[in-house]
Amino acid sequence: MNLLLDEIARATARLAEAGVASPRADAEELAAAVHGVKRSELHTVADAAFDARYWEGIARREAGEPLQHITGRAFFRYLELRVGPGVFVPRPETEVMAGWAIDTLRAMDVNDPLVVDLGTGSAAIALSIAQEAPRARVHAVEKDPKAFVHATRNIDALDERGRVRLHLDDFATALAELDGTVDLVISNPPYIPMSEWEYVPPDVRDHDPADALWGGGDDGLDAIRAVERTARRLLRPGGYVAVEHSDLQGNEVYWVFAEEHGWRDVRNRRDLTDRDRFVTARLAAD
Ligand SMILES: C[S@@+](CC[C@H](N)C(=O)[O-])C[C@H]1O[C@@H](n2cnc3c(N)ncnc32)[C@H](O)[C@@H]1O
């Protein structure tokens, strides 16, 4: 029997027993991280037993620690990012919104589009846009100093300091010098209603930073309302906004934009599981 596969099978059984939702994928990703390869490259690893680090990682995952905090890495679109305690782990549902922004920027008849990412966390969205929409210049705003350190490290690791400028600031008031000039504003702000605190899984509640989850107030929409106001201030006429929300907030977030003056083409958009996930709109050109 292949030793590597044998140990991954044992680890998978332990994680399944502990109630981990994707035990096989997590056991493989931990194995890949220990060997310094991607999960899809595990077959290239020599057939050898794992060292103690693997079983320590499995034990931490059994205890409920997020996979990406144990491996120190997260994948987002084409990027491998450094993450850990103190920064929000980027989620697959956000990749779809980033993809919408990249397509919109590529189709835009503007030479060097100006983009603002509000609440950048690991800089996942800002860096994806910089790498996939090569003419875009991105300003990324983050108020949490710990997340700011992670974002700085990721921007430096990808050598994108020239194209992604990071600002330690509150997105309600940030970047006044860019008012009326920005082509696209994007944000995945905190949006979990405080009233749902007890229903949030412990591995999210106890490990993702509080500022990344709870800035939405009782109904979860306070930060989204702030993003709407900031986008209206920053965008040039005809500029675009995209904001993420939970799968249950599509109707409310639609009205945050539709009710306010000056928005056109307000649209609910869906994620890969076909659930409402983000709203896009365009500032009126007149
Ligand atoms: C849900 S996380 C999203 C992080 C990243 N954009 C992503 O999609 O992975 C929200 C981020 O917004 C930051 N944040 C929350 N309120 C903010 C504010 N008022 N000003 C600036 N950043 C804020 C949090 O610290 C956190 O990093």
# chains A, B, ... in the order shown; residues from 1 in each chain; ligands from 1

call {"tool": "residues_around", "arguments": {"residues": "Arg24 of chain A", "least_positions_apart": "6", "cutoff": "12 Å", "atoms": "only C-alpha atoms", "output": "PyMOL selection string"}}
result
chain A and resi 5+7-17+30-31+39+58

call {"tool": "residues_around", "arguments": {"residues": "Asp103 of chain A", "least_positions_apart": "4", "cutoff": "10 Å", "atoms": "only C-alpha atoms", "output": "PyMOL selection string"}}
result
chain A and resi 97-99+107-108+129+132-133

call {"tool": "write_last_selection", "arguments": {"atoms": "all heavy atoms", "output": "PDB file, in the first residue's frame"}}
result
ATOM      1  N   MET A  97     -17.315  37.650  -7.376  1.00  0.00           N
ATOM      2  CA  MET A  97     -17.438  39.112  -7.425  1.00  0.00           C
ATOM      3  C   MET A  97     -16.156  39.736  -7.992  1.00  0.00           C
ATOM      4  O   MET A  97     -16.223  40.657  -8.826  1.00  0.00           O
ATOM      5  CB  MET A  97     -17.737  39.670  -6.029  1.00  0.00           C
ATOM      6  CG  MET A  97     -17.847  41.184  -6.031  1.00  0.00           C
ATOM      7  SD  MET A  97     -18.366  41.890  -4.459  1.00  0.00           S
ATOM      8  CE  MET A  97     -16.934  41.580  -3.419  1.00  0.00           C
ATOM      9  N   ALA A  98     -14.993  39.229  -7.562  1.00  0.00           N
ATOM     10  CA  ALA A  98     -13.725  39.750  -8.103  1.00  0.00           C
ATOM     11  C   ALA A  98     -13.696  39.526  -9.624  1.00  0.00           C
ATOM     12  O   ALA A  98     -13.253  40.400 -10.377  1.00  0.00           O
ATOM     13  CB  ALA A  98     -12.543  39.075  -7.423  1.00  0.00           C
ATOM     14  N   GLY A  99     -14.192  38.357 -10.065  1.00  0.00           N
ATOM     15  CA  GLY A  99     -14.222  38.056 -11.502  1.00  0.00           C
ATOM     16  C   GLY A  99     -15.119  39.030 -12.256  1.00  0.00           C
ATOM     17  O   GLY A  99     -14.780  39.478 -13.367  1.00  0.00           O
ATOM     18  N   ALA A 107     -13.549  45.406 -19.997  1.00  0.00           N
ATOM     19  CA  ALA A 107     -14.471  45.894 -21.040  1.00  0.00           C
ATOM     20  C   ALA A 107     -14.572  47.425 -21.031  1.00  0.00           C
ATOM     21  O   ALA A 107     -15.162  48.022 -21.939  1.00  0.00           O
ATOM     22  CB  ALA A 107     -15.860  45.295 -20.811  1.00  0.00           C
ATOM     23  N   MET A 108     -13.998  48.063 -20.016  1.00  0.00           N
ATOM     24  CA  MET A 108     -14.172  49.510 -19.822  1.00  0.00           C
ATOM     25  C   MET A 108     -13.316  50.294 -20.820  1.00  0.00           C
ATOM     26  O   MET A 108     -12.161  49.934 -21.044  1.00  0.00           O
ATOM     27  CB  MET A 108     -13.724  49.839 -18.393  1.00  0.00           C
ATOM     28  CG  MET A 108     -14.315  51.060 -17.809  1.00  0.00           C
ATOM     29  SD  MET A 108     -13.698  51.215 -16.102  1.00  0.00           S
ATOM     30  CE  MET A 108     -15.002  50.474 -15.161  1.00  0.00           C
ATOM     31  N   ILE A 129      -7.304  41.805  -8.915  1.00  0.00           N
ATOM     32  CA  ILE A 129      -7.594  42.829  -9.928  1.00  0.00           C
ATOM     33  C   ILE A 129      -6.281  43.325 -10.549  1.00  0.00           C
ATOM     34  O   ILE A 129      -6.158  43.435 -11.773  1.00  0.00           O
ATOM     35  CB  ILE A 129      -8.414  43.981  -9.307  1.00  0.00           C
ATOM     36  CG1 ILE A 129      -9.838  43.484  -9.027  1.00  0.00           C
ATOM     37  CG2 ILE A 129      -8.420  45.205 -10.230  1.00  0.00           C
ATOM     38  CD1 ILE A 129     -10.722  44.470  -8.296  1.00  0.00           C
ATOM     39  N   GLU A 132      -5.010  40.509 -12.894  1.00  0.00           N
ATOM     40  CA  GLU A 132      -5.836  40.049 -14.012  1.00  0.00           C
ATOM     41  C   GLU A 132      -6.383  41.189 -14.874  1.00  0.00           C
ATOM     42  O   GLU A 132      -6.883  40.939 -15.971  1.00  0.00           O
ATOM     43  CB  GLU A 132      -6.987  39.192 -13.491  1.00  0.00           C
ATOM     44  CG  GLU A 132      -6.521  37.884 -12.856  1.00  0.00           C
ATOM     45  CD  GLU A 132      -7.699  37.037 -12.426  1.00  0.00           C
ATOM     46  OE1 GLU A 132      -8.519  36.663 -13.276  1.00  0.00           O
ATOM     47  OE2 GLU A 132      -7.806  36.767 -11.215  1.00  0.00           O
ATOM     48  N   ALA A 133      -6.333  42.402 -14.353  1.00  0.00           N
ATOM     49  CA  ALA A 133      -6.719  43.571 -15.164  1.00  0.00           C
ATOM     50  C   ALA A 133      -5.482  44.466 -15.201  1.00  0.00           C
ATOM     51  O   ALA A 133      -5.391  45.454 -14.467  1.00  0.00           O
ATOM     52  CB  ALA A 133      -7.918  44.284 -14.548  1.00  0.00           C
TER      53      ALA A 133
END

call {"tool": "atom_distance", "arguments": {"atom1": "atom CA of Pro23 of chain A", "atom2": "atom CA of Ala123 of chain A"}}
result
27.7 Å

call {"tool": "residues_near_ligand", "arguments": {"ligand": "ligand 1", "cutoff": "7 Å", "atoms": "only C-alpha atoms and all ligand atoms", "output": "VMD selection string"}}
result
chain A and resid 87 to 91 94 118 to 125 141 to 144 147 169 to 172 187 to 190 211 to 213 215 223

call {"tool": "atom_distance", "arguments": {"atom1": "atom CA of Val200 of chain A", "atom2": "atom CA of Leu221 of chain A"}}
result
16.7 Å

call {"tool": "closest_atom_pairs", "arguments": {"of": "segment 246-282 of chain A", "to": "segment 225-241 of chain A", "cutoff": "10 Å", "atoms": "only C-alpha atoms", "output": "CSV"}}
result
residue,atom,partner,partner_atom,distance
A:Val253,CA,A:Arg225,CA,8.5
A:Val256,CA,A:Arg225,CA,6.7
A:Phe257,CA,A:Glu228,CA,6.8
A:Glu260,CA,A:Glu228,CA,8.8
A:His261,CA,A:Arg232,CA,9.1
A:Gly262,CA,A:Arg232,CA,8.0
A:Trp263,CA,A:Arg232,CA,8.4
A:Arg264,CA,A:Gly238,CA,8.8
A:Asp265,CA,A:Tyr240,CA,9.6
A:Val266,CA,A:Val241,CA,9.5
A:Val279,CA,A:Val241,CA,8.1
A:Thr280,CA,A:Val241,CA,5.5
A:Ala281,CA,A:Val241,CA,5.4
A:Arg282,CA,A:Tyr240,CA,4.5

call {"tool": "write_last_selection", "arguments": {"atoms": "all heavy atoms", "output": "short mmCIF file (atom, residue, chain, number, x, y, z; two decimals), in the first residue's frame"}}
result
data_model
loop_
_atom_site.label_atom_id
_atom_site.label_comp_id
_atom_site.auth_asym_id
_atom_site.auth_seq_id
_atom_site.Cartn_x
_atom_site.Cartn_y
_atom_site.Cartn_z
N VAL A 253 -30.08 44.54 0.25
CA VAL A 253 -28.93 45.29 -0.30
C VAL A 253 -29.32 45.93 -1.63
O VAL A 253 -28.90 47.05 -1.94
CB VAL A 253 -27.68 44.38 -0.41
CG1 VAL A 253 -26.53 45.13 -1.08
CG2 VAL A 253 -27.26 43.90 0.97
N VAL A 256 -30.77 49.12 -0.62
CA VAL A 256 -29.79 50.10 -0.12
C VAL A 256 -29.31 50.95 -1.29
O VAL A 256 -29.14 52.17 -1.18
CB VAL A 256 -28.58 49.40 0.54
CG1 VAL A 256 -27.42 50.38 0.76
CG2 VAL A 256 -28.98 48.77 1.87
N PHE A 257 -29.15 50.32 -2.46
CA PHE A 257 -28.69 51.08 -3.64
C PHE A 257 -29.87 51.70 -4.38
O PHE A 257 -29.83 52.87 -4.75
CB PHE A 257 -27.86 50.17 -4.56
CG PHE A 257 -26.48 49.97 -4.01
CD1 PHE A 257 -26.24 48.99 -3.05
CD2 PHE A 257 -25.44 50.79 -4.38
CE1 PHE A 257 -24.98 48.84 -2.50
CE2 PHE A 257 -24.18 50.65 -3.83
CZ PHE A 257 -23.95 49.67 -2.89
N GLU A 260 -31.33 54.97 -2.87
CA GLU A 260 -30.51 56.18 -2.81
C GLU A 260 -30.50 56.89 -4.16
O GLU A 260 -30.74 56.28 -5.20
CB GLU A 260 -29.08 55.83 -2.41
CG GLU A 260 -28.97 55.31 -1.00
CD GLU A 260 -29.30 56.37 0.05
OE1 GLU A 260 -29.27 57.56 -0.28
OE2 GLU A 260 -29.60 55.97 1.18
N HIS A 261 -30.22 58.18 -4.16
CA HIS A 261 -30.17 58.93 -5.41
C HIS A 261 -28.96 58.52 -6.23
O HIS A 261 -27.91 58.22 -5.70
CB HIS A 261 -30.06 60.42 -5.11
CG HIS A 261 -31.21 60.93 -4.32
ND1 HIS A 261 -32.50 60.92 -4.79
CD2 HIS A 261 -31.27 61.45 -3.08
CE1 HIS A 261 -33.30 61.42 -3.88
NE2 HIS A 261 -32.57 61.75 -2.82
N GLY A 262 -29.16 58.52 -7.51
CA GLY A 262 -27.99 58.48 -8.38
C GLY A 262 -27.53 57.11 -8.84
O GLY A 262 -26.59 57.02 -9.61
N TRP A 263 -28.16 56.01 -8.41
CA TRP A 263 -27.70 54.69 -8.88
C TRP A 263 -28.53 54.21 -10.06
O TRP A 263 -29.75 54.41 -10.09
CB TRP A 263 -27.75 53.67 -7.74
CG TRP A 263 -26.76 53.97 -6.67
CD1 TRP A 263 -27.04 54.44 -5.42
CD2 TRP A 263 -25.34 53.86 -6.75
NE1 TRP A 263 -25.87 54.63 -4.71
CE2 TRP A 263 -24.81 54.28 -5.51
CE3 TRP A 263 -24.45 53.46 -7.75
CZ2 TRP A 263 -23.45 54.31 -5.24
CZ3 TRP A 263 -23.08 53.48 -7.47
CH2 TRP A 263 -22.60 53.91 -6.23
N ARG A 264 -27.87 53.58 -11.01
CA ARG A 264 -28.53 52.96 -12.18
C ARG A 264 -28.14 51.49 -12.26
O ARG A 264 -27.12 51.10 -11.71
CB ARG A 264 -28.08 53.65 -13.48
CG ARG A 264 -28.36 55.14 -13.54
CD ARG A 264 -29.83 55.41 -13.86
NE ARG A 264 -30.08 56.83 -14.00
CZ ARG A 264 -30.40 57.66 -13.00
NH1 ARG A 264 -30.52 57.20 -11.78
NH2 ARG A 264 -30.61 58.95 -13.21
N ASP A 265 -28.90 50.72 -13.04
CA ASP A 265 -28.55 49.31 -13.33
C ASP A 265 -28.24 48.51 -12.06
O ASP A 265 -27.26 47.77 -12.02
CB ASP A 265 -27.33 49.21 -14.26
CG ASP A 265 -27.51 49.99 -15.54
OD1 ASP A 265 -28.67 50.17 -15.96
OD2 ASP A 265 -26.49 50.44 -16.11
N VAL A 266 -29.05 48.67 -11.02
CA VAL A 266 -28.81 47.90 -9.78
C VAL A 266 -29.19 46.45 -10.06
O VAL A 266 -30.29 46.16 -10.55
CB VAL A 266 -29.65 48.46 -8.61
CG1 VAL A 266 -29.34 47.69 -7.33
CG2 VAL A 266 -29.38 49.95 -8.42
N VAL A 279 -24.24 42.66 -5.02
CA VAL A 279 -25.04 43.63 -5.78
C VAL A 279 -24.07 44.51 -6.56
O VAL A 279 -23.01 44.89 -6.04
CB VAL A 279 -25.93 44.46 -4.84
CG1 VAL A 279 -26.43 45.74 -5.50
CG2 VAL A 279 -27.12 43.63 -4.36
N THR A 280 -24.42 44.80 -7.80
CA THR A 280 -23.63 45.75 -8.59
C THR A 280 -24.54 46.90 -9.01
O THR A 280 -25.76 46.74 -9.13
CB THR A 280 -23.03 45.10 -9.84
OG1 THR A 280 -24.09 44.64 -10.70
CG2 THR A 280 -22.14 43.93 -9.49
N ALA A 281 -23.94 48.07 -9.23
CA ALA A 281 -24.71 49.24 -9.67
C ALA A 281 -23.76 50.20 -10.37
O ALA A 281 -22.54 50.04 -10.29
CB ALA A 281 -25.38 49.91 -8.47
N ARG A 282 -24.35 51.18 -11.02
CA ARG A 282 -23.58 52.17 -11.77
C ARG A 282 -24.04 53.56 -11.37
O ARG A 282 -25.26 53.79 -11.24
CB ARG A 282 -23.89 51.93 -13.26
CG ARG A 282 -22.82 52.40 -14.11
CD ARG A 282 -22.86 51.89 -15.50
NE ARG A 282 -21.73 52.52 -16.15
CZ ARG A 282 -21.56 52.64 -17.43
NH1 ARG A 282 -22.46 52.13 -18.24
NH2 ARG A 282 -20.51 53.25 -17.91
#

call {"tool": "closest_residue", "arguments": {"among": "A:Arg165, A:Val182, A:Ala284, A:Glu62", "to": "Ala258 of chain A", "atoms": "only C-alpha atoms"}}
result
A:Ala284

call {"tool": "atom_distance", "arguments": {"atom1": "atom CA of Arg135 of chain A", "atom2": "atom CA of Thr173 of chain A"}}
result
26.2 Å

call {"tool": "select_by_dssp", "arguments": {"residues": "segment 137-180 of chain A", "states": "strand (DSSP E)", "output": "list in words"}}
result
Arg137, Val138, His139, Ala140, Val141, Glu142, Val164, Arg165, Leu166, His167 and Leu168 of chain A

call {"tool": "write_last_selection", "arguments": {"atoms": "all heavy atoms", "output": "PDB file, in the first residue's frame"}}
result
ATOM      1  N   ARG A 137      -5.063  50.470 -11.651  1.00  0.00           N
ATOM      2  CA  ARG A 137      -4.336  50.911 -10.454  1.00  0.00           C
ATOM      3  C   ARG A 137      -5.302  50.778  -9.281  1.00  0.00           C
ATOM      4  O   ARG A 137      -6.448  51.225  -9.382  1.00  0.00           O
ATOM      5  CB  ARG A 137      -3.905  52.376 -10.586  1.00  0.00           C
ATOM      6  CG  ARG A 137      -2.906  52.628 -11.706  1.00  0.00           C
ATOM      7  CD  ARG A 137      -2.931  54.080 -12.133  1.00  0.00           C
ATOM      8  NE  ARG A 137      -4.197  54.463 -12.739  1.00  0.00           N
ATOM      9  CZ  ARG A 137      -4.782  55.649 -12.599  1.00  0.00           C
ATOM     10  NH1 ARG A 137      -4.242  56.578 -11.854  1.00  0.00           N
ATOM     11  NH2 ARG A 137      -5.933  55.919 -13.189  1.00  0.00           N
ATOM     12  N   VAL A 138      -4.862  50.165  -8.206  1.00  0.00           N
ATOM     13  CA  VAL A 138      -5.788  49.814  -7.122  1.00  0.00           C
ATOM     14  C   VAL A 138      -5.366  50.490  -5.813  1.00  0.00           C
ATOM     15  O   VAL A 138      -4.192  50.431  -5.431  1.00  0.00           O
ATOM     16  CB  VAL A 138      -5.822  48.282  -6.906  1.00  0.00           C
ATOM     17  CG1 VAL A 138      -6.925  47.913  -5.915  1.00  0.00           C
ATOM     18  CG2 VAL A 138      -6.017  47.534  -8.224  1.00  0.00           C
ATOM     19  N   HIS A 139      -6.332  51.125  -5.145  1.00  0.00           N
ATOM     20  CA  HIS A 139      -6.135  51.592  -3.775  1.00  0.00           C
ATOM     21  C   HIS A 139      -6.915  50.646  -2.864  1.00  0.00           C
ATOM     22  O   HIS A 139      -8.104  50.389  -3.106  1.00  0.00           O
ATOM     23  CB  HIS A 139      -6.650  53.024  -3.597  1.00  0.00           C
ATOM     24  CG  HIS A 139      -5.794  54.027  -4.301  1.00  0.00           C
ATOM     25  ND1 HIS A 139      -4.803  54.743  -3.657  1.00  0.00           N
ATOM     26  CD2 HIS A 139      -5.758  54.418  -5.596  1.00  0.00           C
ATOM     27  CE1 HIS A 139      -4.201  55.537  -4.524  1.00  0.00           C
ATOM     28  NE2 HIS A 139      -4.763  55.362  -5.713  1.00  0.00           N
ATOM     29  N   ALA A 140      -6.258  50.129  -1.827  1.00  0.00           N
ATOM     30  CA  ALA A 140      -6.885  49.164  -0.924  1.00  0.00           C
ATOM     31  C   ALA A 140      -6.910  49.769   0.477  1.00  0.00           C
ATOM     32  O   ALA A 140      -5.887  50.250   0.966  1.00  0.00           O
ATOM     33  CB  ALA A 140      -6.102  47.859  -0.935  1.00  0.00           C
ATOM     34  N   VAL A 141      -8.097  49.743   1.113  1.00  0.00           N
ATOM     35  CA  VAL A 141      -8.267  50.380   2.431  1.00  0.00           C
ATOM     36  C   VAL A 141      -8.535  49.304   3.478  1.00  0.00           C
ATOM     37  O   VAL A 141      -9.378  48.420   3.253  1.00  0.00           O
ATOM     38  CB  VAL A 141      -9.454  51.373   2.398  1.00  0.00           C
ATOM     39  CG1 VAL A 141      -9.609  52.058   3.759  1.00  0.00           C
ATOM     40  CG2 VAL A 141      -9.265  52.403   1.295  1.00  0.00           C
ATOM     41  N   GLU A 142      -7.839  49.389   4.608  1.00  0.00           N
ATOM     42  CA  GLU A 142      -8.056  48.434   5.705  1.00  0.00           C
ATOM     43  C   GLU A 142      -7.849  49.174   7.025  1.00  0.00           C
ATOM     44  O   GLU A 142      -6.860  49.884   7.176  1.00  0.00           O
ATOM     45  CB  GLU A 142      -7.072  47.265   5.561  1.00  0.00           C
ATOM     46  CG  GLU A 142      -7.090  46.273   6.709  1.00  0.00           C
ATOM     47  CD  GLU A 142      -8.473  45.675   6.972  1.00  0.00           C
ATOM     48  OE1 GLU A 142      -9.083  45.116   6.056  1.00  0.00           O
ATOM     49  OE2 GLU A 142      -8.947  45.784   8.129  1.00  0.00           O
ATOM     50  N   VAL A 164      -0.679  48.415  -6.352  1.00  0.00           N
ATOM     51  CA  VAL A 164      -1.662  48.344  -5.257  1.00  0.00           C
ATOM     52  C   VAL A 164      -1.153  49.194  -4.106  1.00  0.00           C
ATOM     53  O   VAL A 164      -0.134  48.888  -3.495  1.00  0.00           O
ATOM     54  CB  VAL A 164      -1.868  46.886  -4.783  1.00  0.00           C
ATOM     55  CG1 VAL A 164      -2.894  46.847  -3.657  1.00  0.00           C
ATOM     56  CG2 VAL A 164      -2.305  45.989  -5.926  1.00  0.00           C
ATOM     57  N   ARG A 165      -1.862  50.289  -3.823  1.00  0.00           N
ATOM     58  CA  ARG A 165      -1.464  51.160  -2.712  1.00  0.00           C
ATOM     59  C   ARG A 165      -2.387  50.919  -1.532  1.00  0.00           C
ATOM     60  O   ARG A 165      -3.618  50.978  -1.665  1.00  0.00           O
ATOM     61  CB  ARG A 165      -1.514  52.625  -3.139  1.00  0.00           C
ATOM     62  CG  ARG A 165      -0.341  52.928  -4.076  1.00  0.00           C
ATOM     63  CD  ARG A 165      -0.125  54.400  -4.242  1.00  0.00           C
ATOM     64  NE  ARG A 165      -0.090  55.112  -2.977  1.00  0.00           N
ATOM     65  CZ  ARG A 165      -0.320  56.421  -2.873  1.00  0.00           C
ATOM     66  NH1 ARG A 165      -0.617  57.135  -3.930  1.00  0.00           N
ATOM     67  NH2 ARG A 165      -0.264  57.002  -1.698  1.00  0.00           N
ATOM     68  N   LEU A 166      -1.769  50.634  -0.381  1.00  0.00           N
ATOM     69  CA  LEU A 166      -2.522  50.239   0.802  1.00  0.00           C
ATOM     70  C   LEU A 166      -2.668  51.443   1.741  1.00  0.00           C
ATOM     71  O   LEU A 166      -1.712  52.200   1.922  1.00  0.00           O
ATOM     72  CB  LEU A 166      -1.729  49.122   1.482  1.00  0.00           C
ATOM     73  CG  LEU A 166      -2.390  48.260   2.521  1.00  0.00           C
ATOM     74  CD1 LEU A 166      -3.666  47.610   2.006  1.00  0.00           C
ATOM     75  CD2 LEU A 166      -1.394  47.157   2.952  1.00  0.00           C
ATOM     76  N   HIS A 167      -3.866  51.598   2.331  1.00  0.00           N
ATOM     77  CA  HIS A 167      -4.130  52.720   3.236  1.00  0.00           C
ATOM     78  C   HIS A 167      -4.708  52.175   4.539  1.00  0.00           C
ATOM     79  O   HIS A 167      -5.717  51.454   4.500  1.00  0.00           O
ATOM     80  CB  HIS A 167      -5.140  53.690   2.614  1.00  0.00           C
ATOM     81  CG  HIS A 167      -4.745  54.163   1.242  1.00  0.00           C
ATOM     82  ND1 HIS A 167      -4.125  55.367   1.012  1.00  0.00           N
ATOM     83  CD2 HIS A 167      -4.870  53.566   0.027  1.00  0.00           C
ATOM     84  CE1 HIS A 167      -3.894  55.511  -0.289  1.00  0.00           C
ATOM     85  NE2 HIS A 167      -4.340  54.423  -0.906  1.00  0.00           N
ATOM     86  N   LEU A 168      -4.086  52.507   5.668  1.00  0.00           N
ATOM     87  CA  LEU A 168      -4.624  52.113   6.977  1.00  0.00           C
ATOM     88  C   LEU A 168      -5.630  53.180   7.376  1.00  0.00           C
ATOM     89  O   LEU A 168      -5.255  54.264   7.831  1.00  0.00           O
ATOM     90  CB  LEU A 168      -3.480  52.022   8.007  1.00  0.00           C
ATOM     91  CG  LEU A 168      -3.865  51.552   9.402  1.00  0.00           C
ATOM     92  CD1 LEU A 168      -4.408  50.127   9.387  1.00  0.00           C
ATOM     93  CD2 LEU A 168      -2.664  51.639  10.348  1.00  0.00           C
TER      94      LEU A 168
END

call {"tool": "closest_residue", "arguments": {"among": "A:Arg82, A:Arg269, A:His43, A:Lys38", "to": "Ala157 of chain A", "atoms": "only C-alpha atoms"}}
result
A:Arg82

call {"tool": "residues_around", "arguments": {"residues": "Pro92 of chain A", "least_positions_apart": "2", "cutoff": "9 Å", "atoms": "only C-alpha atoms", "output": "list of chain:residue names"}}
result
A:Phe75, A:Phe76, A:Arg77, A:Pro90, A:Thr94, A:Glu95, A:Val96, A:Asp271, A:Leu272

call {"tool": "write_last_selection", "arguments": {"atoms": "C-alpha atoms", "output": "PDB file, in the first residue's frame"}}
result
ATOM      1  CA  PHE A  75      -5.848  30.175  -2.587  1.00  0.00           C
ATOM      2  CA  PHE A  76      -7.947  32.877  -4.266  1.00  0.00           C
ATOM      3  CA  ARG A  77      -8.475  32.826  -8.041  1.00  0.00           C
ATOM      4  CA  PRO A  90     -10.665  34.798   1.645  1.00  0.00           C
ATOM      5  CA  THR A  94     -15.804  36.314  -3.219  1.00  0.00           C
ATOM      6  CA  GLU A  95     -13.895  35.017  -6.274  1.00  0.00           C
ATOM      7  CA  VAL A  96     -17.039  35.433  -8.392  1.00  0.00           C
ATOM      8  CA  ASP A 271     -22.255  32.938  -6.553  1.00  0.00           C
ATOM      9  CA  LEU A 272     -21.077  29.508  -7.745  1.00  0.00           C
TER      10      LEU A 272
END

call {"tool": "select_by_dssp", "arguments": {"residues": "segment 53-250 of chain A", "states": "helix (DSSP H, G or I)", "output": "MDAnalysis selection string"}}
result
chainID A and resid 53:62 67:71 92:107 124:132 145:157 176:178 194:199 202:205 210:213 222:234 250

call {"tool": "residues_around", "arguments": {"residues": "Arg53 of chain A", "least_positions_apart": "4", "cutoff": "12 Å", "atoms": "only C-alpha atoms", "output": "MDAnalysis selection string"}}
result
chainID A and resid 30:35 49 57:60 70:71
